[in-house]
>>> print(open('protein_4.txt').read())   # compact mmCIF, C-alpha atoms and all ligand atoms
# COMPACT_ATOMS: atom_id res chain seq x y z
CA MET A 1451 -15.45 7.26 -22.44
CA LYS A 1452 -13.29 4.16 -21.96
CA ALA A 1453 -9.84 4.14 -20.40
CA THR A 1454 -7.41 1.65 -18.90
CA ALA A 1455 -4.62 2.12 -16.39
CA THR A 1456 -2.11 0.06 -14.46
CA ALA A 1457 -0.72 0.72 -11.01
CA ASN A 1458 1.59 -1.15 -8.71
CA ALA A 1459 1.13 -1.91 -5.05
CA ASN A 1460 3.34 -0.13 -2.56
CA ILE A 1461 4.84 -1.28 0.69
CA ALA A 1462 5.23 1.32 3.41
CA LEU A 1463 8.65 1.80 5.00
CA VAL A 1464 7.08 4.30 7.37
CA LYS A 1465 3.49 3.25 7.90
CA TYR A 1466 0.20 5.12 7.77
CA TRP A 1467 -2.03 4.05 10.63
CA GLY A 1468 -4.96 6.26 11.63
CA LYS A 1469 -7.09 8.96 10.08
CA ARG A 1470 -7.88 12.44 11.26
CA ASN A 1471 -10.76 12.75 8.78
CA ALA A 1472 -12.45 9.55 7.62
CA GLU A 1473 -14.47 11.09 4.80
CA LEU A 1474 -11.54 12.89 3.16
CA MET A 1475 -9.14 10.10 4.20
CA LEU A 1476 -6.72 12.50 5.82
CA PRO A 1477 -4.07 10.66 7.82
CA GLN A 1478 -2.84 11.33 11.32
CA ASN A 1479 0.77 10.88 10.21
CA GLY A 1480 2.92 11.04 7.10
CA SER A 1481 4.31 7.90 5.47
CA VAL A 1482 6.90 6.71 2.95
CA SER A 1483 6.71 3.68 0.67
CA MET A 1484 8.32 1.81 -2.16
CA THR A 1485 6.21 1.22 -5.27
CA CYS A 1486 6.55 -2.48 -6.08
CA ASP A 1487 7.38 -3.42 -9.64
CA GLY A 1488 5.20 -6.21 -11.04
CA MET A 1489 2.79 -6.45 -8.12
CA GLY A 1490 -0.17 -4.59 -9.47
CA THR A 1491 -3.63 -4.02 -10.83
CA LYS A 1492 -4.91 -3.28 -14.31
CA THR A 1493 -8.30 -1.62 -14.59
CA THR A 1494 -10.57 -0.61 -17.45
CA VAL A 1495 -13.43 1.82 -16.87
CA GLU A 1496 -16.16 2.72 -19.34
CA PHE A 1497 -18.91 5.21 -18.65
CA GLY A 1498 -21.92 4.33 -20.78
CA ASP A 1499 -25.56 3.33 -20.90
CA TYR A 1500 -25.34 0.81 -18.07
CA PRO A 1501 -28.44 0.58 -15.83
CA LYS A 1502 -26.14 0.36 -12.80
CA ASP A 1503 -22.39 0.25 -12.11
CA VAL A 1504 -20.89 -3.13 -12.93
CA PHE A 1505 -17.72 -4.17 -11.09
CA ILE A 1506 -15.75 -7.29 -12.00
CA LEU A 1507 -12.55 -8.13 -10.08
CA ASP A 1508 -10.42 -11.10 -11.12
CA GLY A 1509 -13.37 -12.55 -13.05
CA ARG A 1510 -15.85 -12.27 -10.15
CA GLU A 1511 -18.76 -9.87 -10.42
CA PHE A 1512 -19.59 -7.85 -7.32
CA ALA A 1513 -23.19 -6.55 -7.42
CA GLU A 1514 -23.39 -5.55 -3.74
CA GLY A 1515 -21.32 -5.65 -0.55
CA VAL A 1516 -18.40 -3.64 0.79
CA GLU A 1517 -16.20 -3.88 -2.30
CA TYR A 1518 -19.06 -2.81 -4.59
CA GLU A 1519 -20.00 0.10 -2.29
CA GLU A 1520 -16.38 1.29 -2.10
CA VAL A 1521 -15.95 1.24 -5.86
CA THR A 1522 -19.29 2.87 -6.70
CA GLY A 1523 -18.76 5.44 -3.92
CA PHE A 1524 -15.42 6.27 -5.50
CA LEU A 1525 -16.99 6.55 -8.97
CA ASN A 1526 -19.55 8.96 -7.53
CA LEU A 1527 -16.66 11.27 -6.60
CA VAL A 1528 -15.33 11.07 -10.16
CA ARG A 1529 -18.81 11.64 -11.65
CA LYS A 1530 -19.24 14.69 -9.43
CA MET A 1531 -15.86 16.12 -10.41
CA ALA A 1532 -16.59 15.56 -14.11
CA GLY A 1533 -20.25 16.64 -13.98
CA ILE A 1534 -21.51 13.39 -15.51
CA ASN A 1535 -24.06 10.90 -14.29
CA LYS A 1536 -23.54 7.90 -16.53
CA LYS A 1537 -23.02 4.52 -14.87
CA ALA A 1538 -19.86 2.57 -15.53
CA LYS A 1539 -18.44 -0.85 -16.15
CA ILE A 1540 -15.21 -1.52 -14.27
CA VAL A 1541 -13.09 -4.57 -14.90
CA SER A 1542 -9.98 -5.13 -12.78
CA ALA A 1543 -7.29 -7.79 -12.62
CA ASN A 1544 -4.82 -8.16 -9.78
CA SER A 1545 -1.50 -9.94 -9.92
CA MET A 1546 -1.50 -10.80 -6.19
CA PRO A 1547 -3.99 -12.23 -3.68
CA THR A 1548 -6.70 -9.63 -3.02
CA ALA A 1549 -7.00 -8.27 0.55
CA ALA A 1550 -4.38 -10.59 2.01
CA GLY A 1551 -2.18 -7.75 3.15
CA LEU A 1552 -0.27 -7.29 -0.09
CA ALA A 1553 -1.67 -3.84 -0.69
CA SER A 1554 -4.08 -4.77 -3.50
CA SER A 1555 -6.41 -1.96 -2.45
CA ALA A 1556 -3.58 0.53 -3.02
CA SER A 1557 -2.84 -0.59 -6.58
CA GLY A 1558 -6.58 -1.07 -7.15
CA PHE A 1559 -7.64 2.46 -6.26
CA ALA A 1560 -4.58 4.02 -7.93
CA ALA A 1561 -5.41 2.25 -11.21
CA LEU A 1562 -9.11 3.08 -10.77
CA ALA A 1563 -8.37 6.75 -10.09
CA LEU A 1564 -6.37 7.08 -13.29
CA ALA A 1565 -8.67 4.98 -15.50
CA ALA A 1566 -11.92 6.48 -14.17
CA SER A 1567 -10.72 10.10 -14.29
CA LYS A 1568 -9.50 9.63 -17.88
CA ALA A 1569 -12.69 7.83 -18.92
CA ALA A 1570 -14.69 10.70 -17.42
CA GLY A 1571 -12.68 13.22 -19.43
CA LEU A 1572 -10.94 14.80 -16.43
CA LYS A 1573 -7.42 16.10 -16.84
CA LEU A 1574 -5.86 15.81 -13.40
CA SER A 1575 -2.30 16.68 -12.42
CA ARG A 1576 -0.25 13.95 -10.71
CA LYS A 1577 -0.83 15.68 -7.39
CA GLU A 1578 -4.60 15.82 -7.94
CA LEU A 1579 -4.56 12.19 -8.98
CA THR A 1580 -2.92 11.22 -5.66
CA GLN A 1581 -5.62 13.19 -3.86
CA LEU A 1582 -8.34 11.37 -5.76
CA ALA A 1583 -6.77 7.92 -5.24
CA ARG A 1584 -6.51 8.67 -1.51
CA ARG A 1585 -10.30 8.89 -1.29
CA GLY A 1586 -10.57 5.23 -2.30
CA SER A 1587 -7.95 3.88 0.06
CA GLY A 1588 -5.48 6.11 1.89
CA SER A 1589 -2.35 4.25 0.87
CA ALA A 1590 -3.48 4.24 -2.79
CA CYS A 1591 -2.21 7.80 -3.13
CA ARG A 1592 1.33 6.46 -2.81
CA SER A 1593 0.83 4.03 -5.72
CA ILE A 1594 0.46 6.91 -8.18
CA GLY A 1595 4.14 7.77 -7.87
CA GLU A 1596 7.18 5.79 -8.95
CA GLY A 1597 10.14 4.45 -6.96
CA PHE A 1598 10.02 5.80 -3.42
CA VAL A 1599 7.05 7.95 -2.47
CA GLU A 1600 6.17 10.21 0.44
CA TRP A 1601 2.58 10.89 1.47
CA LYS A 1602 2.50 14.29 3.12
CA LYS A 1603 -0.14 14.44 5.79
CA GLY A 1604 -0.78 18.16 5.43
CA SER A 1605 -2.55 20.19 8.07
CA LYS A 1606 -5.46 21.86 6.25
CA GLU A 1607 -8.95 20.69 7.03
CA ASP A 1608 -9.94 20.51 3.37
CA GLY A 1609 -7.02 18.18 2.59
CA SER A 1610 -5.59 20.45 -0.13
CA ASP A 1611 -2.05 20.09 1.29
CA CYS A 1612 -2.34 16.33 1.75
CA TYR A 1613 -0.87 14.48 -1.23
CA ALA A 1614 1.79 12.01 -2.31
CA LYS A 1615 4.96 12.67 -4.27
CA SER A 1616 7.77 10.52 -5.59
CA ILE A 1617 10.93 11.37 -3.61
CA ALA A 1618 13.28 9.10 -5.59
CA LYS A 1619 12.84 7.60 -9.05
CA LYS A 1620 13.02 3.85 -9.50
CA GLU A 1621 16.47 4.20 -11.11
CA HIS A 1622 17.80 5.84 -7.94
CA TRP A 1623 18.10 2.53 -6.05
CA PRO A 1624 17.39 -0.41 -8.35
CA GLU A 1625 19.24 -2.82 -6.01
CA PHE A 1626 16.62 -2.36 -3.26
CA ARG A 1627 14.35 -5.40 -3.00
CA MET A 1628 11.13 -6.37 -1.26
CA LEU A 1629 10.56 -10.09 -0.99
CA ALA A 1630 6.92 -10.71 -0.14
CA ALA A 1631 6.69 -14.03 1.68
CA VAL A 1632 3.10 -15.16 1.29
CA VAL A 1633 2.23 -17.20 4.36
CA SER A 1634 -1.55 -17.20 3.82
CA LYS A 1635 -3.90 -16.46 0.93
CA LYS A 1636 -6.92 -16.05 3.21
CA GLU A 1637 -8.64 -12.68 3.26
CA LYS A 1638 -7.83 -10.73 6.41
CA LYS A 1639 -10.47 -10.63 9.12
CA ILE A 1640 -10.13 -6.99 10.11
CA LYS A 1641 -9.73 -4.54 7.27
CA SER A 1642 -7.25 -1.73 7.79
CA ARG A 1643 -10.04 0.86 7.74
CA ALA A 1644 -11.79 -0.62 10.78
CA GLY A 1645 -8.54 -1.59 12.49
CA MET A 1646 -7.03 1.86 12.35
CA ALA A 1647 -10.25 3.56 13.49
CA GLN A 1648 -10.33 1.32 16.53
CA THR A 1649 -6.65 1.99 17.27
CA VAL A 1650 -7.12 5.76 17.13
CA ALA A 1651 -10.21 5.44 19.34
CA ASN A 1652 -8.77 3.42 22.19
CA CYS A 1653 -5.08 2.47 21.96
CA PRO A 1654 -3.15 3.99 24.89
CA LEU A 1655 0.12 3.87 22.89
CA TYR A 1656 -1.25 5.79 19.90
CA THR A 1657 0.02 9.22 21.00
CA CYS A 1658 3.50 7.73 21.38
CA TRP A 1659 3.25 6.36 17.83
CA LEU A 1660 2.40 9.81 16.50
CA LYS A 1661 5.22 11.48 18.44
CA THR A 1662 7.89 9.11 17.16
CA VAL A 1663 6.81 8.75 13.54
CA LYS A 1664 8.36 12.10 12.61
CA ASP A 1665 11.85 10.83 13.43
CA ASP A 1666 11.19 7.68 11.43
CA LEU A 1667 10.19 9.77 8.42
CA THR A 1668 13.40 11.80 8.59
CA ALA A 1669 15.62 8.73 9.04
CA VAL A 1670 14.00 6.74 6.24
CA LYS A 1671 13.96 9.67 3.79
CA ASP A 1672 17.61 10.43 4.54
CA GLY A 1673 18.44 6.74 4.23
CA ILE A 1674 16.79 6.58 0.80
CA ALA A 1675 18.59 9.72 -0.40
CA GLU A 1676 21.94 8.31 0.81
CA LYS A 1677 21.12 4.75 -0.32
CA ASN A 1678 22.03 3.66 3.19
CA PHE A 1679 20.41 0.23 3.43
CA THR A 1680 21.07 -0.27 7.15
CA LYS A 1681 19.49 3.07 8.00
CA VAL A 1682 16.37 2.42 5.90
CA GLY A 1683 16.01 -1.22 6.97
CA GLU A 1684 16.51 -0.75 10.70
CA ARG A 1685 14.18 2.20 10.90
CA SER A 1686 11.47 0.66 8.72
CA GLN A 1687 11.48 -2.51 10.79
CA LEU A 1688 11.24 -0.49 14.01
CA ASN A 1689 8.41 1.59 12.56
CA CYS A 1690 6.51 -1.56 11.58
CA LEU A 1691 6.86 -3.03 15.06
CA LYS A 1692 5.62 0.20 16.62
CA MET A 1693 2.56 0.18 14.39
CA HIS A 1694 1.82 -3.43 15.31
CA ALA A 1695 2.29 -2.56 18.98
CA THR A 1696 -0.55 -0.04 18.63
CA MET A 1697 -2.73 -2.63 16.86
CA MET A 1698 -2.15 -5.22 19.55
CA THR A 1699 -2.91 -2.82 22.38
CA THR A 1700 -6.42 -1.84 21.34
CA LEU A 1701 -9.66 -3.36 22.58
CA PRO A 1702 -10.44 -5.88 21.22
CA PRO A 1703 -6.80 -6.61 20.27
CA ILE A 1704 -5.85 -6.80 16.62
CA ILE A 1705 -3.17 -9.36 15.88
CA TYR A 1706 -2.51 -9.77 12.18
CA TRP A 1707 0.46 -12.11 12.60
CA SER A 1708 0.25 -15.87 12.26
CA PRO A 1709 2.82 -18.31 13.68
CA ALA A 1710 4.58 -18.33 10.28
CA THR A 1711 4.87 -14.53 10.41
CA VAL A 1712 6.70 -14.72 13.74
CA GLU A 1713 8.88 -17.58 12.57
CA ILE A 1714 10.08 -15.50 9.61
CA MET A 1715 10.69 -12.47 11.86
CA HIS A 1716 12.95 -14.58 14.08
CA ALA A 1717 14.72 -16.04 11.06
CA VAL A 1718 15.40 -12.58 9.57
CA MET A 1719 16.93 -11.40 12.87
CA GLU A 1720 19.07 -14.51 13.13
CA TRP A 1721 20.34 -14.19 9.53
CA LYS A 1722 21.35 -10.63 10.30
CA GLU A 1723 23.33 -11.71 13.38
CA ASN A 1724 25.15 -14.11 11.09
CA GLY A 1725 26.00 -11.48 8.50
CA LEU A 1726 23.09 -11.73 6.04
CA GLU A 1727 21.47 -8.33 6.29
CA SER A 1728 17.73 -8.06 5.76
CA TYR A 1729 14.77 -6.55 7.61
CA PHE A 1730 11.09 -7.39 7.87
CA THR A 1731 7.94 -5.34 7.58
CA MET A 1732 4.28 -6.38 7.88
CA ASP A 1733 1.05 -4.53 7.18
CA ALA A 1734 -2.55 -5.35 8.05
CA GLY A 1735 -2.09 -9.05 7.40
CA PRO A 1736 0.19 -12.02 8.10
CA GLN A 1737 2.49 -11.68 5.07
CA VAL A 1738 6.09 -10.72 5.73
CA LYS A 1739 7.86 -8.39 3.37
CA ILE A 1740 11.62 -8.74 3.60
CA MET A 1741 13.79 -5.80 2.62
CA CYS A 1742 17.18 -6.72 1.22
CA LEU A 1743 19.66 -5.84 -1.48
CA GLN A 1744 19.70 -7.55 -4.87
CA ASN A 1745 22.88 -9.56 -4.18
CA ASP A 1746 21.25 -11.34 -1.25
CA THR A 1747 17.88 -12.23 -2.78
CA GLU A 1748 18.74 -15.78 -3.87
CA LYS A 1749 20.31 -16.62 -0.50
CA ILE A 1750 17.24 -15.33 1.33
CA LYS A 1751 14.80 -17.18 -0.93
CA LYS A 1752 16.77 -20.39 -0.32
CA ARG A 1753 16.62 -19.88 3.44
CA LEU A 1754 12.90 -19.15 3.28
CA LYS A 1755 12.43 -22.40 1.37
CA GLU A 1756 14.31 -24.23 4.13
CA ILE A 1757 11.69 -23.06 6.62
CA GLY A 1758 8.83 -24.05 4.30
CA ILE A 1759 8.07 -20.72 2.62
CA GLU A 1760 7.98 -21.31 -1.13
CA ASN A 1761 5.59 -18.58 -2.25
CA VAL A 1762 7.80 -15.49 -2.47
CA MET A 1763 7.24 -12.51 -4.76
CA GLU A 1764 10.28 -10.40 -5.52
CA CYS A 1765 9.87 -6.71 -6.28
CA MET A 1766 12.20 -3.86 -7.05
CA PRO A 1767 11.25 -0.17 -7.08
CA GLY A 1768 8.65 0.16 -9.82
CA ASN A 1769 6.57 2.47 -11.96
CA GLY A 1770 3.78 4.66 -10.75
CA ALA A 1771 0.28 4.57 -12.26
CA LYS A 1772 0.25 4.65 -16.05
CA PRO A 1773 -2.38 4.71 -18.79
CA ALA A 1774 -2.50 1.48 -20.84
CA LYS A 1775 -3.56 1.01 -24.45
CA SER A 1776 -5.04 -2.49 -24.30
CA HIS A 1777 -8.40 -2.65 -22.53
CA LEU A 1778 -9.73 -5.52 -20.39
CA PHE A 1779 -13.07 -5.55 -22.27
O1 LIG B 1801 -4.84 2.50 2.80
P1 LIG B 1801 -5.28 1.38 3.63
O2 LIG B 1801 -6.61 1.54 4.23
O3 LIG B 1801 -5.13 0.08 2.90
O4 LIG B 1801 -4.27 1.29 4.89
C1 LIG B 1801 -2.95 0.87 4.79
C2 LIG B 1801 -2.37 0.61 6.11
C3 LIG B 1801 -1.05 -0.14 6.13
O5 LIG B 1801 -0.89 -0.94 4.99
C4 LIG B 1801 -1.04 -1.05 7.36
C5 LIG B 1801 0.13 0.81 6.27
C6 LIG B 1801 0.53 1.58 5.04
O6 LIG B 1801 1.00 2.70 5.21
O7 LIG B 1801 0.42 1.06 3.93
>>> encode(input="protein_4.txt", output="structure tokens", more="lines below")
Ligand code: PMV
Amino acid sequence: MKATATANANIALVKYWGKRNAELMLPQNGSVSMTCDGMGTKTTVEFGDYPKDVFILDGREFAEGVEYEEVTGFLNLVRKMAGINKKAKIVSANSMPTAAGLASSASGFAALALAASKAAGLKLSRKELTQLARRGSGSACRSIGEGFVEWKKGSKEDGSDCYAKSIAKKEHWPEFRMLAAVVSKKEKKIKSRAGMAQTVANCPLYTCWLKTVKDDLTAVKDGIAEKNFTKVGERSQLNCLKMHATMMTTLPPIIYWSPATVEIMHAVMEWKENGLESYFTMDAGPQVKIMCLQNDTEKIKKRLKEIGIENVMECMPGNGAKPAKSHLF
């Protein structure tokens, strides 16, 4: 009744922003991401004679609050699927700042989905595992798969055709890089869940977002298949800016960027004009993820240092969720 799993974060190239069903976590639009090697979560789950669920993340015990509710709510789904009612101990360790916009909830729920389902004795297919992970945090479904992953939005009300699938293995494009420039370690003020609900509810640009995302999906998927960096980079950057345009134009406005975010965006555009090709993408936080090719990573890190950004994590396409032998307790 004890199992451990690892999962990596993922960074969306075509973003998910908005749900059509909040309980089942069904998205309004499809998305595509890269699973980030080495930026992940390890989680051990044990169902046993615990009086209540125990959740420890990065050494801190959560006995109540949003995080605790999300994790225990997720375990309730697993318990229901497995027909068990034992409480669990969950110990998790992240290798990046939690909730700072580096997708720790994605790796967290992907690792939890695999560890908890195994600990509960469930034998889920990869597809079913993505559907379970999605219930914890939408984007977590993409962290189950390796390399480049598409989350299909599906159209059925019960969510049975909504799942994520790897569209290219990590070996397909090992030169592709994400450089995560950490500009702040503070927790974000508005979580993606609340931010996207507000956007869907009152952003006047949201219908335009939905109309144009389909083209972005086609361009980015084609670009990945062809290994056409310009196609993937340009379209991902555009898609990110469109998503942020919808965030900014809701009431009250949601602006995740900090001055350092904008400074890096300008720098990336200037480098490109001068022949150093890279693109930026941001999620629900101030961090900037820079897409580039392996040969340019050192040059870009040096230039980031010149503008005062020293904390940069480099990722290549990585593994999907995997069981692990060594437990955290
Ligand atoms: O799955 P959530 O609730 O963490 O939402 C993720 C939303 C974005 O990171 C902004 C976009 C994405 O597709 O990852």
>>> residues_near_point(input="protein_4.txt", point="(-14.4, -13.8, -13.4)", cutoff="12 Å", atoms="all atoms listed in the file", output="PyMOL selection string")
chain A and resi 1505-1512+1541-1544+1778
>>> atom_distance(input="protein_4.txt", atom1="atom CA of Met1693 of chain A", atom2="atom C5 of ligand LIG 1801 (chain B)")
8.5 Å
>>> closest_residue(input="protein_4.txt", among="A:Met1697, A:Ile1640, A:Val1718, A:Val1516", to="Tyr1656 of chain A", atoms="only C-alpha atoms")
A:Met1697
>>> residues_near_ligand(input="protein_4.txt", ligand="ligand LIG 1801 (chain B)", cutoff="7 Å", atoms="only C-alpha atoms and all ligand atoms", output="PyMOL selection string")
chain A and resi 1461-1462+1464-1467+1481+1553+1555-1556+1587-1590+1642-1643+1733-1734
>>> atom_distance(input="protein_4.txt", atom1="atom CA of Gln1581 of chain A", atom2="atom CA of Trp1601 of chain A")
10.0 Å
>>> atom_distance(input="protein_4.txt", atom1="atom CA of Thr1668 of chain A", atom2="atom CA of Gly1604 of chain A")
15.9 Å
>>> closest_residue(input="protein_4.txt", among="A:Ile1750, A:Ala1566, A:Val1504, A:Leu1655", to="His1694 of chain A", atoms="only C-alpha atoms")
A:Leu1655
>>> closest_residue(input="protein_4.txt", among="A:Pro1702, A:Gly1725, A:Pro1477, A:Gly1770", to="Lys1749 of chain A", atoms="all atoms listed in the file")
A:Gly1725
>>> closest_residue(input="protein_4.txt", among="A:Glu1520, A:Tyr1500, A:Asp1672, A:Leu1463", to="Phe1730 of chain A", atoms="all atoms listed in the file")
A:Leu1463
>>> closest_residue(input="protein_4.txt", among="A:Ala1695, A:Ala1459, A:Leu1726, A:Met1766", to="Cys1591 of chain A", atoms="all atoms listed in the file")
A:Ala1459
>>> closest_residue(input="protein_4.txt", among="A:Pro1501, A:Gly1586, A:Gly1683, A:Pro1703", to="Val1528 of chain A", atoms="all atoms listed in the file")
A:Gly1586
>>> residues_around(input="protein_4.txt", residues="Lys1619 of chain A", least_positions_apart="3", cutoff="12 Å", atoms="all atoms listed in the file", output="PyMOL selection string")
chain A and resi 1484-1485+1595-1600+1615-1616+1622-1624+1674-1675+1766-1770
>>> residues_around(input="protein_4.txt", residues="Pro1709 of chain A", least_positions_apart="2", cutoff="12 Å", atoms="only C-alpha atoms", output="JSON, numbers by chain")
{"A": [1633, 1634, 1705, 1706, 1707, 1711, 1712, 1713, 1714, 1715, 1716, 1736, 1737, 1738]}
>>> residues_around(input="protein_4.txt", residues="Gln1478 of chain A", least_positions_apart="5", cutoff="10 Å", atoms="all atoms listed in the file", output="mmCIF file with C-alpha atoms, in the frame of the given file")
data_model
loop_
_atom_site.group_PDB
_atom_site.id
_atom_site.type_symbol
_atom_site.label_atom_id
_atom_site.label_comp_id
_atom_site.auth_asym_id
_atom_site.auth_seq_id
_atom_site.Cartn_x
_atom_site.Cartn_y
_atom_site.Cartn_z
ATOM 1 C CA TYR A 1466 0.200 5.120 7.770
ATOM 2 C CA TRP A 1467 -2.030 4.050 10.630
ATOM 3 C CA GLY A 1468 -4.960 6.260 11.630
ATOM 4 C CA LYS A 1469 -7.090 8.960 10.080
ATOM 5 C CA ARG A 1470 -7.880 12.440 11.260
ATOM 6 C CA ASN A 1471 -10.760 12.750 8.780
ATOM 7 C CA LYS A 1603 -0.140 14.440 5.790
ATOM 8 C CA GLY A 1604 -0.780 18.160 5.430
ATOM 9 C CA SER A 1605 -2.550 20.190 8.070
ATOM 10 C CA VAL A 1650 -7.120 5.760 17.130
ATOM 11 C CA LEU A 1660 2.400 9.810 16.500
#
>>> residues_near_point(input="protein_4.txt", point="(-15.4, 15.3, 2.2)", cutoff="8 Å", atoms="only C-alpha atoms", output="PyMOL selection string")
chain A and resi 1473-1474+1608
>>> residues_around(input="protein_4.txt", residues="Met1628 of chain A", least_positions_apart="3", cutoff="7 Å", atoms="only C-alpha atoms", output="list in words")
Lys1739, Ile1740, Met1741, Cys1742, Glu1764, Cys1765 and Met1766 of chain A
